[in-house]
Structures are given as structure tokens and as C-alpha cells.
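Trainee: I am sharing work27.txt, which consists of compact mmCIF, C-alpha atoms and all ligand atoms:
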```txt
# COMPACT_ATOMS: atom_id res chain seq x y z
CA MET A 1 0.00 0.00 0.00
CA SER A 2 1.61 3.26 -1.04
CA VAL A 3 1.04 6.79 -2.28
CA SER A 4 3.66 8.49 -4.44
CA PHE A 5 3.67 11.32 -6.96
CA MET A 6 5.64 13.50 -9.33
CA PHE A 7 4.69 16.83 -10.90
CA LEU A 8 5.62 17.11 -14.58
CA GLY A 9 4.80 20.82 -14.45
CA GLY A 10 2.76 23.29 -12.44
CA ALA A 11 4.47 22.66 -9.09
CA GLY A 12 6.27 25.92 -8.30
CA GLU A 13 4.65 27.84 -11.14
CA VAL A 14 1.17 28.87 -12.25
CA GLY A 15 0.46 26.98 -15.47
CA ASN A 16 1.01 23.59 -17.15
CA VAL A 17 -0.33 21.44 -14.32
CA ALA A 18 0.42 17.73 -14.70
CA LEU A 19 0.58 15.43 -11.67
CA GLU A 20 1.37 11.73 -11.88
CA LEU A 21 -0.15 10.20 -8.77
CA ALA A 22 0.03 6.52 -7.78
CA VAL A 23 -2.29 5.25 -5.06
CA ASP A 24 -1.97 1.57 -4.07
CA GLY A 25 -0.88 0.53 -7.56
CA ALA A 26 -3.48 2.62 -9.46
CA HIS A 27 -1.88 5.26 -11.68
CA PHE A 28 -3.66 8.58 -12.17
CA LEU A 29 -2.78 11.67 -14.14
CA CYS A 30 -4.34 14.66 -12.38
CA ASP A 31 -4.76 17.42 -15.00
CA TYR A 32 -2.59 17.75 -18.08
CA GLY A 33 -2.23 21.37 -19.17
CA TYR A 34 0.22 23.74 -20.73
CA ALA A 35 0.96 27.39 -19.98
CA PRO A 36 -0.68 29.52 -22.69
CA SER A 37 2.11 32.10 -22.69
CA ARG A 38 3.49 33.41 -26.00
CA PRO A 39 4.95 31.03 -27.03
CA PRO A 40 3.40 28.42 -24.73
CA SER A 41 5.41 26.25 -22.33
CA PHE A 42 4.70 22.59 -21.81
CA PRO A 43 5.04 20.05 -18.99
CA GLN A 44 7.68 17.30 -19.09
CA ARG A 45 6.99 13.98 -20.77
CA LEU A 46 4.70 11.46 -19.04
CA THR A 47 6.62 8.59 -17.49
CA ARG A 48 3.77 6.18 -18.28
CA VAL A 49 0.26 6.04 -19.69
CA PRO A 50 -2.04 6.41 -16.66
CA ASP A 51 -4.97 4.13 -15.82
CA LEU A 52 -7.23 7.18 -15.77
CA VAL A 53 -6.92 10.95 -16.32
CA LEU A 54 -8.70 13.08 -13.71
CA LEU A 55 -9.48 16.42 -15.33
CA SER A 56 -10.37 19.09 -12.76
CA HIS A 57 -11.58 21.77 -15.17
CA CYS A 58 -11.45 23.23 -18.63
CA HIS A 59 -8.79 25.97 -18.36
CA VAL A 60 -5.93 25.37 -20.76
CA ASP A 61 -3.29 25.29 -18.01
CA HIS A 62 -5.10 22.19 -16.68
CA SER A 63 -6.62 20.61 -19.81
CA GLY A 64 -4.56 21.77 -22.81
CA MET A 65 -2.44 18.61 -23.20
CA VAL A 66 -5.35 16.13 -23.00
CA PRO A 67 -5.78 16.01 -26.81
CA HIS A 68 -2.06 15.30 -27.14
CA LEU A 69 -2.34 12.31 -24.79
CA CYS A 70 -5.66 10.97 -26.08
CA GLY A 71 -4.54 11.32 -29.69
CA ARG A 72 -1.85 8.73 -28.93
CA SER A 73 -3.26 6.52 -26.16
CA GLU A 74 -6.57 4.87 -25.41
CA VAL A 75 -6.88 6.43 -21.95
CA GLU A 76 -10.15 7.65 -20.46
CA VAL A 77 -10.64 11.11 -19.01
CA LEU A 78 -12.96 11.50 -16.03
CA ALA A 79 -14.63 14.92 -15.89
CA THR A 80 -17.98 16.69 -15.62
CA PRO A 81 -20.03 17.47 -18.78
CA PRO A 82 -19.22 21.24 -18.69
CA THR A 83 -15.51 20.47 -18.39
CA GLN A 84 -15.73 18.25 -21.46
CA ALA A 85 -17.62 20.76 -23.60
CA LEU A 86 -15.59 23.78 -22.49
CA SER A 87 -12.21 22.07 -22.85
CA GLU A 88 -13.19 21.06 -26.40
CA LEU A 89 -14.05 24.67 -27.25
CA LEU A 90 -10.77 25.92 -25.73
CA ALA A 91 -8.71 23.22 -27.47
CA TYR A 92 -10.01 24.27 -30.92
CA ASP A 93 -9.60 27.94 -30.06
CA SER A 94 -6.01 27.36 -28.94
CA LEU A 95 -5.24 25.74 -32.31
CA LYS A 96 -6.62 28.82 -34.03
CA VAL A 97 -4.53 31.17 -31.85
CA ALA A 98 -1.41 29.06 -32.44
CA ARG A 99 -1.93 29.23 -36.23
CA ASN A 100 -2.38 33.01 -36.09
CA GLU A 101 0.69 33.48 -33.93
CA ASN A 102 2.83 31.03 -35.88
CA TYR A 103 3.72 28.52 -33.24
CA SER A 104 2.73 24.89 -33.03
CA LEU A 105 0.86 22.85 -30.45
CA PRO A 106 1.49 19.14 -29.86
CA TYR A 107 -1.95 18.14 -31.16
CA GLU A 108 -4.27 18.60 -34.16
CA SER A 109 -8.03 18.88 -34.60
CA HIS A 110 -8.38 15.11 -35.04
CA ASP A 111 -6.73 14.59 -31.62
CA VAL A 112 -9.34 16.88 -30.05
CA ARG A 113 -12.11 14.80 -31.67
CA ARG A 114 -10.51 11.57 -30.45
CA ALA A 115 -10.10 12.95 -26.93
CA GLN A 116 -13.77 13.91 -26.85
CA GLY A 117 -14.66 10.26 -27.49
CA LEU A 118 -12.57 9.15 -24.52
CA PHE A 119 -14.31 11.32 -21.91
CA ASP A 120 -16.03 9.44 -19.10
CA LEU A 121 -18.60 11.91 -17.79
CA ALA A 122 -19.90 12.04 -14.22
CA PRO A 123 -21.70 14.60 -12.05
CA PHE A 124 -20.59 15.83 -8.62
CA GLY A 125 -20.95 12.94 -6.21
CA GLY A 126 -20.20 10.52 -9.06
CA ASN A 127 -17.64 7.80 -8.43
CA ARG A 128 -15.43 5.27 -10.22
CA GLU A 129 -13.20 2.46 -9.08
CA VAL A 130 -9.69 1.97 -10.43
CA LYS A 131 -7.74 -1.09 -9.19
CA GLY A 132 -9.51 -0.99 -5.85
CA VAL A 133 -9.13 2.78 -5.39
CA GLU A 134 -12.38 4.71 -5.24
CA VAL A 135 -12.48 8.07 -7.05
CA ARG A 136 -15.17 10.59 -6.07
CA MET A 137 -15.98 13.96 -7.62
CA ARG A 138 -16.63 17.06 -5.53
CA PRO A 139 -17.39 20.66 -6.57
CA ALA A 140 -14.36 22.99 -6.51
CA GLY A 141 -16.19 26.34 -6.70
CA HIS A 142 -13.82 27.69 -9.37
CA VAL A 143 -15.86 27.68 -12.60
CA PRO A 144 -18.95 25.61 -13.57
CA GLY A 145 -18.00 21.93 -13.65
CA ALA A 146 -14.68 22.43 -11.82
CA THR A 147 -14.01 19.35 -9.72
CA MET A 148 -11.91 18.22 -6.76
CA PHE A 149 -11.05 14.52 -6.85
CA GLU A 150 -11.14 12.38 -3.70
CA LEU A 151 -9.17 9.14 -3.98
CA GLU A 152 -9.73 6.52 -1.34
CA GLY A 153 -7.36 3.59 -1.10
CA SER A 154 -5.29 2.70 1.94
CA ARG A 155 -5.16 6.47 2.55
CA LYS A 156 -7.49 9.27 1.51
CA VAL A 157 -6.06 11.75 -1.02
CA LEU A 158 -7.67 15.00 -2.22
CA PHE A 159 -6.59 16.80 -5.40
CA THR A 160 -8.21 20.24 -5.59
CA GLY A 161 -7.43 21.53 -9.09
CA ASP A 162 -8.24 25.25 -8.85
CA ILE A 163 -10.57 26.19 -5.99
CA ASN A 164 -12.62 29.03 -4.63
CA THR A 165 -14.38 28.96 -1.25
CA VAL A 166 -16.24 32.24 -1.84
CA ASP A 167 -19.66 32.18 -3.52
CA THR A 168 -19.76 34.00 -6.85
CA HIS A 169 -22.83 34.66 -9.00
CA LEU A 170 -21.91 31.66 -11.11
CA VAL A 171 -21.03 28.90 -8.63
CA ARG A 172 -21.09 28.22 -4.92
CA GLY A 173 -17.80 28.24 -3.04
CA THR A 174 -16.31 24.87 -2.14
CA LYS A 175 -15.95 23.39 1.34
CA PRO A 176 -13.02 21.54 2.95
CA ARG A 177 -13.10 17.73 2.91
CA PRO A 178 -11.26 15.62 5.47
CA CYS A 179 -8.32 13.73 3.96
CA ASP A 180 -4.88 12.31 4.80
CA TYR A 181 -2.95 13.86 1.93
CA LEU A 182 -4.05 17.14 0.39
CA PHE A 183 -2.81 18.43 -2.97
CA VAL A 184 -3.89 22.06 -3.03
CA GLU A 185 -3.32 24.90 -5.49
CA GLY A 186 -1.61 28.05 -4.21
CA THR A 187 -2.13 30.57 -7.02
CA TYR A 188 -2.83 33.41 -4.58
CA ALA A 189 -0.46 32.38 -1.78
CA GLY A 190 0.67 35.57 -0.07
CA ARG A 191 -2.09 37.68 -1.64
CA GLU A 192 -5.61 38.50 -0.49
CA HIS A 193 -8.60 39.49 -2.59
CA PRO A 194 -10.57 42.60 -1.71
CA ASP A 195 -14.13 42.07 -0.49
CA ARG A 196 -16.15 40.64 -3.38
CA GLU A 197 -19.35 42.58 -2.79
CA GLN A 198 -17.50 45.88 -2.47
CA THR A 199 -15.57 45.18 -5.67
CA GLU A 200 -18.77 44.40 -7.56
CA LYS A 201 -20.46 47.53 -6.27
CA ARG A 202 -17.54 49.75 -7.20
CA PHE A 203 -17.30 48.14 -10.66
CA VAL A 204 -20.95 48.84 -11.45
CA GLU A 205 -20.65 52.44 -10.16
CA ARG A 206 -17.57 53.14 -12.26
CA VAL A 207 -19.14 51.66 -15.40
CA ARG A 208 -22.20 53.86 -14.87
CA GLU A 209 -20.06 56.98 -14.40
CA VAL A 210 -18.26 56.38 -17.70
CA VAL A 211 -21.51 55.78 -19.58
CA ASP A 212 -23.19 58.81 -17.96
CA ARG A 213 -20.56 61.15 -19.27
CA GLY A 214 -20.85 59.74 -22.79
CA GLY A 215 -17.98 57.23 -22.86
CA LYS A 216 -17.95 53.51 -23.56
CA ALA A 217 -17.01 50.99 -20.89
CA ILE A 218 -14.76 48.37 -22.49
CA VAL A 219 -14.66 45.27 -20.32
CA PRO A 220 -12.08 42.69 -21.48
CA VAL A 221 -12.96 39.27 -20.03
CA PHE A 222 -11.90 35.64 -20.04
CA ALA A 223 -14.45 33.60 -21.97
CA VAL A 224 -15.05 31.04 -19.21
CA GLY A 225 -16.43 32.39 -15.95
CA ARG A 226 -15.55 36.08 -16.05
CA THR A 227 -17.79 36.82 -19.05
CA GLN A 228 -20.78 35.33 -17.26
CA GLU A 229 -20.00 37.00 -13.91
CA VAL A 230 -19.71 40.41 -15.55
CA LEU A 231 -22.89 39.95 -17.62
CA MET A 232 -24.83 38.99 -14.51
CA LEU A 233 -23.60 42.11 -12.72
CA LEU A 234 -24.45 44.36 -15.65
CA ALA A 235 -27.89 42.79 -16.24
CA ARG A 236 -29.18 44.64 -13.16
CA THR A 237 -28.03 48.03 -14.43
CA GLY A 238 -30.21 48.33 -17.51
CA LEU A 239 -27.18 49.56 -19.50
CA GLU A 240 -26.96 48.62 -23.16
CA THR A 241 -24.43 45.79 -22.99
CA TRP A 242 -22.86 44.09 -26.00
CA LEU A 243 -21.07 40.77 -25.86
CA ASP A 244 -18.38 39.88 -28.38
CA GLY A 245 -16.10 36.86 -28.70
CA MET A 246 -15.98 33.31 -27.40
CA GLY A 247 -17.98 34.08 -24.25
CA GLN A 248 -21.13 33.76 -26.40
CA ARG A 249 -20.50 30.05 -26.99
CA VAL A 250 -19.43 29.52 -23.39
CA ASN A 251 -22.79 30.96 -22.24
CA ARG A 252 -24.59 28.38 -24.37
CA ILE A 253 -22.55 25.49 -22.98
CA MET A 254 -23.13 26.61 -19.40
CA LEU A 255 -26.86 27.08 -19.94
CA ASP A 256 -27.06 23.60 -21.47
CA GLU A 257 -25.78 22.23 -18.12
CA PRO A 258 -27.83 24.30 -15.65
CA GLY A 259 -27.21 21.84 -12.81
CA PHE A 260 -23.65 23.14 -12.53
CA LEU A 261 -24.72 26.78 -12.03
CA LYS A 262 -25.67 28.41 -8.74
CA GLU A 263 -28.66 30.22 -10.24
CA PRO A 264 -29.24 29.29 -13.88
CA ALA A 265 -32.13 31.77 -14.14
CA LEU A 266 -29.76 34.66 -13.41
CA LEU A 267 -27.41 33.70 -16.23
CA ARG A 268 -30.32 33.06 -18.58
CA ARG A 269 -31.65 36.54 -17.86
CA ALA A 270 -28.23 38.14 -18.26
CA GLU A 271 -27.70 36.32 -21.54
CA GLY A 272 -31.14 37.42 -22.74
CA ARG A 273 -30.40 41.07 -22.00
CA ALA A 274 -26.97 41.16 -23.65
CA ARG A 275 -26.76 41.95 -27.36
CA TYR A 276 -24.56 39.55 -29.26
CA VAL A 277 -22.02 40.90 -31.73
CA ARG A 278 -22.03 38.67 -34.79
CA GLY A 279 -19.96 40.06 -37.64
CA GLU A 280 -18.31 43.39 -38.40
CA TYR A 281 -21.58 45.28 -38.98
CA LEU A 282 -22.72 44.63 -35.41
CA ARG A 283 -19.29 45.56 -34.10
CA ASN A 284 -19.99 49.06 -35.36
CA ALA A 285 -23.36 49.03 -33.65
CA ALA A 286 -21.69 47.88 -30.40
CA MET A 287 -19.32 50.82 -30.70
CA ARG A 288 -22.36 53.12 -30.48
CA GLY A 289 -23.68 51.25 -27.40
CA GLU A 290 -22.74 51.73 -23.76
CA VAL A 291 -20.83 48.70 -22.47
CA ILE A 292 -18.75 46.24 -24.51
CA VAL A 293 -17.86 42.95 -22.82
CA THR A 294 -15.37 41.05 -24.94
CA THR A 295 -12.51 38.55 -25.07
CA GLY A 296 -9.50 38.42 -24.70
CA GLY A 297 -9.15 39.05 -21.03
CA MET A 298 -5.46 39.98 -21.22
CA LEU A 299 -5.75 42.06 -24.40
CA ASP A 300 -3.45 39.74 -26.34
CA GLY A 301 -5.93 38.95 -29.09
CA GLY A 302 -9.62 38.63 -29.80
CA PRO A 303 -12.17 41.29 -30.70
CA VAL A 304 -11.14 43.55 -27.80
CA LEU A 305 -8.27 44.82 -29.94
CA SER A 306 -10.67 46.09 -32.65
CA TYR A 307 -12.55 48.09 -30.04
CA LEU A 308 -9.38 49.52 -28.56
CA ARG A 309 -8.14 50.54 -32.00
CA ALA A 310 -11.42 52.33 -32.67
CA LEU A 311 -11.56 54.05 -29.27
CA LYS A 312 -7.87 54.68 -28.66
CA ASP A 313 -8.24 58.48 -28.85
CA ASP A 314 -11.44 58.67 -26.82
CA ARG A 315 -10.73 60.10 -23.36
CA GLN A 316 -14.33 59.62 -22.24
CA SER A 317 -14.12 55.83 -22.56
CA ARG A 318 -12.45 53.54 -20.07
CA VAL A 319 -10.98 50.03 -19.96
CA PHE A 320 -12.06 47.84 -17.04
CA LEU A 321 -9.73 44.88 -16.56
CA THR A 322 -11.45 42.10 -14.63
CA GLY A 323 -8.83 39.38 -14.31
CA TYR A 324 -5.26 38.71 -13.35
CA GLN A 325 -2.86 40.05 -16.00
CA VAL A 326 0.09 37.73 -16.54
CA GLU A 327 3.59 39.21 -16.93
CA GLY A 328 4.40 39.85 -20.59
CA THR A 329 0.79 40.33 -21.74
CA ASN A 330 -0.69 43.48 -23.26
CA GLY A 331 -2.99 43.80 -20.24
CA ARG A 332 -0.04 43.88 -17.87
CA LEU A 333 1.74 46.41 -20.08
CA LEU A 334 -1.33 48.65 -19.99
CA LEU A 335 -1.72 48.36 -16.22
CA ASP A 336 1.95 48.92 -15.37
CA ARG A 337 3.04 51.41 -18.00
CA GLY A 338 -0.11 52.70 -19.70
CA LEU A 339 1.02 51.22 -23.03
CA ILE A 340 -0.56 48.69 -25.37
CA ASP A 341 0.51 46.96 -28.57
CA LEU A 342 -2.37 47.15 -31.06
CA GLY A 343 -0.29 45.60 -33.83
CA ASP A 344 2.37 48.20 -34.49
CA GLY A 345 4.36 48.41 -31.28
CA PRO A 346 3.56 49.69 -27.77
CA GLN A 347 1.67 52.99 -27.73
CA ARG A 348 -0.28 55.15 -25.31
CA ILE A 349 -4.08 55.15 -25.55
CA ALA A 350 -6.44 57.85 -24.29
CA PRO A 351 -8.97 55.73 -22.34
CA PRO A 352 -7.74 55.27 -18.75
CA VAL A 353 -7.57 51.74 -17.35
CA GLU A 354 -8.90 50.38 -14.06
CA PHE A 355 -8.45 46.96 -12.49
CA PHE A 356 -11.09 44.95 -10.63
CA ASP A 357 -10.22 41.73 -8.82
CA PHE A 358 -12.96 39.23 -9.72
CA SER A 359 -10.79 36.21 -9.07
CA ALA A 360 -12.15 32.65 -9.18
CA HIS A 361 -9.37 31.44 -6.85
CA CYS A 362 -9.08 31.43 -3.05
CA GLY A 363 -7.03 34.26 -1.59
CA HIS A 364 -4.31 33.49 0.96
CA GLY A 365 -6.49 33.48 4.10
CA GLU A 366 -9.19 31.41 2.41
CA LEU A 367 -6.59 28.84 1.35
CA VAL A 368 -5.29 28.58 4.91
CA ASP A 369 -8.85 28.09 6.24
CA PHE A 370 -9.60 25.51 3.56
CA ILE A 371 -6.43 23.54 4.30
CA LYS A 372 -7.02 23.59 8.05
CA GLY A 373 -10.61 22.46 7.47
CA CYS A 374 -9.38 19.39 5.56
CA ARG A 375 -7.25 18.37 8.60
CA PRO A 376 -4.69 16.53 6.48
CA GLU A 377 -1.59 14.78 7.73
CA LYS A 378 0.46 16.12 4.81
CA VAL A 379 -0.16 19.07 2.48
CA VAL A 380 1.36 19.25 -0.98
CA LEU A 381 1.33 22.80 -2.39
CA PHE A 382 1.35 23.27 -6.16
CA HIS A 383 0.37 25.80 -8.86
CA GLY A 384 1.95 28.76 -7.08
CA ASP A 385 5.08 30.87 -7.35
CA GLN A 386 4.95 31.99 -3.69
CA ARG A 387 4.19 28.71 -1.97
CA GLU A 388 6.56 29.43 0.94
CA LYS A 389 4.23 32.22 2.11
CA LEU A 390 1.45 29.69 2.46
CA ALA A 391 3.75 27.16 4.07
CA ALA A 392 4.77 29.75 6.69
CA ASP A 393 1.15 29.95 7.87
CA LEU A 394 0.74 26.16 8.01
CA GLU A 395 4.04 24.96 9.48
CA GLY A 396 3.59 23.27 12.83
CA ASP A 397 0.03 22.17 12.08
CA PHE A 398 0.85 19.78 9.23
CA GLU A 399 3.77 18.49 7.27
CA VAL A 400 3.97 20.83 4.26
CA LEU A 401 5.64 19.76 1.01
CA MET A 402 6.64 22.07 -1.83
CA PRO A 403 8.00 19.66 -4.44
CA LYS A 404 9.76 20.80 -7.58
CA SER A 405 8.66 19.58 -10.96
CA MET A 406 10.20 16.15 -11.76
CA GLU A 407 10.86 15.46 -8.09
CA LYS A 408 9.65 11.97 -7.19
CA VAL A 409 8.03 11.90 -3.74
CA LYS A 410 6.74 8.99 -1.66
CA LEU A 411 4.07 9.97 0.88
CA ALA A 412 3.38 6.51 2.33
ZN ZN B 501 -8.52 27.53 -13.59
```
What does this structure look like when you write it as C-alpha cells?
Mentor:
Amino acid sequence: MSVSFMFLGGAGEVGNVALELAVDGAHFLCDYGYAPSRPPSFPQRLTRVPDLVLLSHCHVDHSGMVPHLCGRSEVEVLATPPTQALSELLAYDSLKVARNENYSLPYESHDVRRAQGLFDLAPFGGNREVKGVEVRMRPAGHVPGATMFELEGSRKVLFTGDINTVDTHLVRGTKPRPCDYLFVEGTYAGREHPDREQTEKRFVERVREVVDRGGKAIVPVFAVGRTQEVLMLLARTGLETWLDGMGQRVNRIMLDEPGFLKEPALLRRAEGRARYVRGEYLRNAAMRGEVIVTTGGMLDGGPVLSYLRALKDDRQSRVFLTGYQVEGTNGRLLLDRGLIDLGDGPQRIAPPVEFFDFSAHCGHGELVDFIKGCRPEKVVLFHGDQREKLAADLEGDFEVLMPKSMEKVKLA
């Protein structure tokens, strides 16, 4: 009876999560993603084909390598229905982005199709047995369908994927689950989020102010999660809100699986109120509207760039960033230095920029509470570049491990 593991990526960094985990002779691969930087970075090679892939959620840094694996091996992928549908959408979109940017990904469209056929779908509470180890699925509170996996063999292991313990408009926050060994993400180790309600209130007020004085509110969003959160907030305002980009298709997928939403009626209403931009003609109409919600969330591509080109001299308008801006992205450049590359080098634009923290991850204190609530014997921190800050608040209570990628560790 034993538990051992090795991260192939995503241990001391945010991105490309891949965890090989062996429990009592059953071999699991927990997530298999790549970091969608420009160009992307990939996890190390698998040491073996797993018995089962456990896919926590759709985001590319957790799911992006699944087509690569399934295109070559007959291995099943356990996930929820929204995770399947959303990861398919993101996999095709990533291929499109890669073609536009002239780099290659280690899979093709036919691998995505093959992977889709290898999904084994289950709801929260669903379970499977692999070589005597029971696998159970629990909600992670991160985005619709996001799952924590409980593995019960000789010891109980919990793999969180990405988690949030705070309720958002889209999903309910997750709760701790007792376990012996806890693998927990630490994206926001050392950082706290501001109060959610206050942030939402301030966001709506600021958007209104801009519209009232005749400007446009440009709200760049991530397609999965942030688009829907922002639309639900804006639905109450009565402002003329246009939605452009991949978020439109994500809305459809989420509404097709209402059981994974906190309040499906709210999203349905928000979707009904938003005007969809389909084609260039409507993009012009959106430009005459009040609020434009559009991908990409970090301003590195997508329709948002067309809007910024059109409004770059308009001082009345304003850009509202709603998600974390990774180093090296246009969004980060705009936040830090007031510059943006719209295709011909970094330049200043007239609309001011504001940042709102609508994170779908636990902040530092919430992570500590979650971990303590699980009462584990050992905690393995991953998916964080400041894990030691989290460890400092846990030391003494549990044994805390901060493995490096490619470090083989035996827990029992
Ligand atoms: Zn995520």
C-alpha cells in the first residue's frame, strides 16, 4: 500500500499542471495542461500512460495537453459534462490562436475529436473504481464543472485543481473535505482578494459613471467564468451591454448544463439582455452602445483589440480589466506602463484603465482556512510561485511539502 507522486509541471509555477499520482498501484494523471504564454510552455513527458486521467476543469493550463495524450493513447478522461464541452471549445480555439501566432501545439483537430470520445462523464458525487481505489468527484467552486477529486485507497487523497471557497454569482464556493494527503493549489499564496461585494459595487458604479458622461465601458474578459459573472452584474443596471467573442459560446454550454450553475435563471436573464455581436456590422453598432464585454481578457488577441483601435483616442471611454494580468501580456503592459501593442508596437491610448479583482481562486487566508478544514496529515502545495508564504502559515500544524517539478516523492 503506497502513495507516491511526481509533478511534470505546475508545481512551483502557475500553469502547465500535470501530476502523476500513484495510489496503491493505481496510476492517475491529475490534470494535463500547458501554460498559454506566447509562445506556450509545456510540462515534461509522461513517465507512463495512466490508468485514468482526472481532469479538474477546462482551463488550458489544466486541460490543454489532453488532446495530445488521447490522440496517442486509449486512456479515459474523467470529468464533468461542462468540463468536457468547455475544454473542447478551448482546445479548438487554442489551435486557431497558435496558427495566427505562428507557433505549433502538440496536437491537431483530429486529436481533439478523439479525446472527446474518450471522456467518461460524471456529475458531482459521481464515483469510479480503479484497481480498488475509489475516485469521487466534488465541486471545486472555481468555474462551472470544476471538480476536486477524492481518492480513497489505503489512505485518503484529495486533489483540488483550482478552488474558490467564496460564492460568486456563477457557482457556490467549495468546502473543505477531510483527507490524509491534500494536494492544493496556491495561485494566490501571499495575496488576499478585496471584499467581493465591495468590488462588484464599485465596478458597477464606475461603469455607470463612464456611460453617464458619454464614454464607452470596455470590459475585457476571459471567456469562461468572467464573461458570465460580468454579464450577470451588468444585467441589473439596464445599461446597453454588448457581448463579443468566445464568451457567447461559453454561455450556451453553461446554460445547457444548468445543474452546474448556482442560479441558472440569473445567467439566462443576463444572456437574454446582452446583445450579441455577430460580424463586423454589429461591431460598429456595439461601438455606439454603452458597455462592450469582450474577449480576450489579457488584451493579447480577440475582438477587444478592434474596439481599442477604434476608441484609442477617446478620453471619455475607459478600460475595465477584470482578471489577473500575466507578466508579458498586453494587459499587464497597460496596467503597469499605460502602453498597449495594437499591432504596431507599444503605444499610449487615451482611455484610462482600471483593475477589478474578480478572481475565481481562493485568496491566501481562504486557502489557509480551507487547508485547516481538511485536517490533512500532509499538504502538498502546487500551482503557485509563492508557496513558501502559504507554508509559513501552516508549518507546525501539518507536514507541508513544496515539491519541484520532476521530483519523485513517496508519501506513504
Ligand atoms: Zn482555472
Trainee: Which residues are near ligand ZN 501 (chain B) - at most 12 Å, using only C-alpha atoms and all ligand atoms? Format: as JSON, numbers by chain.
Mentor: {"A": [14, 15, 16, 17, 31, 33, 34, 35, 55, 56, 57, 58, 59, 60, 61, 62, 63, 64, 83, 86, 87, 140, 141, 142, 143, 144, 145, 146, 147, 160, 161, 162, 163, 164, 185, 186, 187, 222, 223, 224, 225, 226, 323, 324, 359, 360, 361, 362, 383]}
Trainee: Which polymer residues have any atom within 8 Å of an atom of segment 44-53 of chain A, counting all atoms listed in the file, with same-chain residues fewer than 4 positions away left out, as a list in words?
Mentor: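 Counting all atoms listed in the file, the residues come to Leu8, Gly9, Glu20, Ala26, His27, Phe28, Leu29, Cys30, Asp31, Ser73, Val75, Glu76, Val77, Leu78, Val130 and Met406 of chain A.
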Trainee: With all atoms listed in the file counted and 12 Å as the cut-off, give the residues of segment 268-382 of chain A in contact with segment 97-104 of chain A, each with its shortest interatomic distance in Å and the pair that gives it, as a Markdown table.
Mentor:
```
| residue | atom | partner | partner_atom | distance |
| --- | --- | --- | --- | --- |
| A:Gly296 | CA | A:Val97 | CA | 11.3 |
| A:Asp300 | CA | A:Val97 | CA | 10.2 |
| A:Gly301 | CA | A:Val97 | CA | 8.4 |
| A:Gly302 | CA | A:Val97 | CA | 9.3 |
```
Trainee: Just the number, please: distance in Å from atom CA of Val291 of chain A to atom CA of Ile218 of chain A, one decimal.
Mentor: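 Going from atom CA of Val291 of chain A over to atom CA of Ile218 of chain A covers 6.1 Å.
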Trainee: Quote the spacing between atom CA of Val210 of chain A and atom CA of Val319 of chain A in Å to one decimal place.
Mentor: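 Atom CA of Val319 of chain A lies at a distance of 9.9 Å from atom CA of Val210 of chain A.
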Trainee: Residues within 7 Å of segment 257-267 of chain A, please, as a PyMOL selection string. Count only C-alpha atoms; anything in the same chain fewer than 4 positions from it doesn't count.
Mentor: chain A and resi 82+144-145+169-172+228+232+253+271
Trainee: What does the distance between atom CA of Glu197 of chain A and atom CA of Phe358 of chain A come to in Å, to one decimal place?
Mentor: 10.0 Å
Trainee: Kindly output segment 112-125 of chain A as a PDB file, keeping the file's coordinate frame, after building N, CA and C atoms.
Mentor:
```pdb
ATOM      1  N   VAL A 112      -8.277  16.327 -30.908  1.00  0.00           N
ATOM      2  CA  VAL A 112      -9.340  16.880 -30.050  1.00  0.00           C
ATOM      3  C   VAL A 112     -10.591  16.006 -30.182  1.00  0.00           C
ATOM      4  N   ARG A 113     -10.919  15.640 -31.442  1.00  0.00           N
ATOM      5  CA  ARG A 113     -12.110  14.800 -31.670  1.00  0.00           C
ATOM      6  C   ARG A 113     -11.952  13.462 -30.956  1.00  0.00           C
ATOM      7  N   ARG A 114     -10.774  12.854 -31.080  1.00  0.00           N
ATOM      8  CA  ARG A 114     -10.510  11.570 -30.450  1.00  0.00           C
ATOM      9  C   ARG A 114     -10.621  11.677 -28.924  1.00  0.00           C
ATOM     10  N   ALA A 115     -10.055  12.744 -28.387  1.00  0.00           N
ATOM     11  CA  ALA A 115     -10.100  12.950 -26.930  1.00  0.00           C
ATOM     12  C   ALA A 115     -11.554  13.041 -26.469  1.00  0.00           C
ATOM     13  N   GLN A 116     -12.374  13.743 -27.242  1.00  0.00           N
ATOM     14  CA  GLN A 116     -13.770  13.910 -26.850  1.00  0.00           C
ATOM     15  C   GLN A 116     -14.463  12.566 -26.707  1.00  0.00           C
ATOM     16  N   GLY A 117     -14.073  11.601 -27.553  1.00  0.00           N
ATOM     17  CA  GLY A 117     -14.660  10.260 -27.490  1.00  0.00           C
ATOM     18  C   GLY A 117     -14.175   9.464 -26.290  1.00  0.00           C
ATOM     19  N   LEU A 118     -13.140   9.906 -25.648  1.00  0.00           N
ATOM     20  CA  LEU A 118     -12.570   9.150 -24.520  1.00  0.00           C
ATOM     21  C   LEU A 118     -12.976   9.737 -23.168  1.00  0.00           C
ATOM     22  N   PHE A 119     -13.852  10.752 -23.191  1.00  0.00           N
ATOM     23  CA  PHE A 119     -14.310  11.320 -21.910  1.00  0.00           C
ATOM     24  C   PHE A 119     -15.281  10.354 -21.228  1.00  0.00           C
ATOM     25  N   ASP A 120     -15.098  10.195 -19.937  1.00  0.00           N
ATOM     26  CA  ASP A 120     -16.030   9.440 -19.100  1.00  0.00           C
ATOM     27  C   ASP A 120     -16.683  10.496 -18.207  1.00  0.00           C
ATOM     28  N   LEU A 121     -17.965  10.777 -18.458  1.00  0.00           N
ATOM     29  CA  LEU A 121     -18.600  11.910 -17.790  1.00  0.00           C
ATOM     30  C   LEU A 121     -19.316  11.490 -16.506  1.00  0.00           C
ATOM     31  N   ALA A 122     -19.191  12.310 -15.485  1.00  0.00           N
ATOM     32  CA  ALA A 122     -19.900  12.040 -14.220  1.00  0.00           C
ATOM     33  C   ALA A 122     -20.238  13.369 -13.563  1.00  0.00           C
ATOM     34  N   PRO A 123     -21.323  13.373 -12.783  1.00  0.00           N
ATOM     35  CA  PRO A 123     -21.700  14.600 -12.050  1.00  0.00           C
ATOM     36  C   PRO A 123     -20.958  14.670 -10.727  1.00  0.00           C
ATOM     37  N   PHE A 124     -21.139  15.766  -9.976  1.00  0.00           N
ATOM     38  CA  PHE A 124     -20.590  15.830  -8.620  1.00  0.00           C
ATOM     39  C   PHE A 124     -21.249  14.725  -7.788  1.00  0.00           C
ATOM     40  N   GLY A 125     -20.448  14.082  -6.978  1.00  0.00           N
ATOM     41  CA  GLY A 125     -20.950  12.940  -6.210  1.00  0.00           C
ATOM     42  C   GLY A 125     -20.720  11.632  -6.949  1.00  0.00           C
TER      43      GLY A 125
END
```
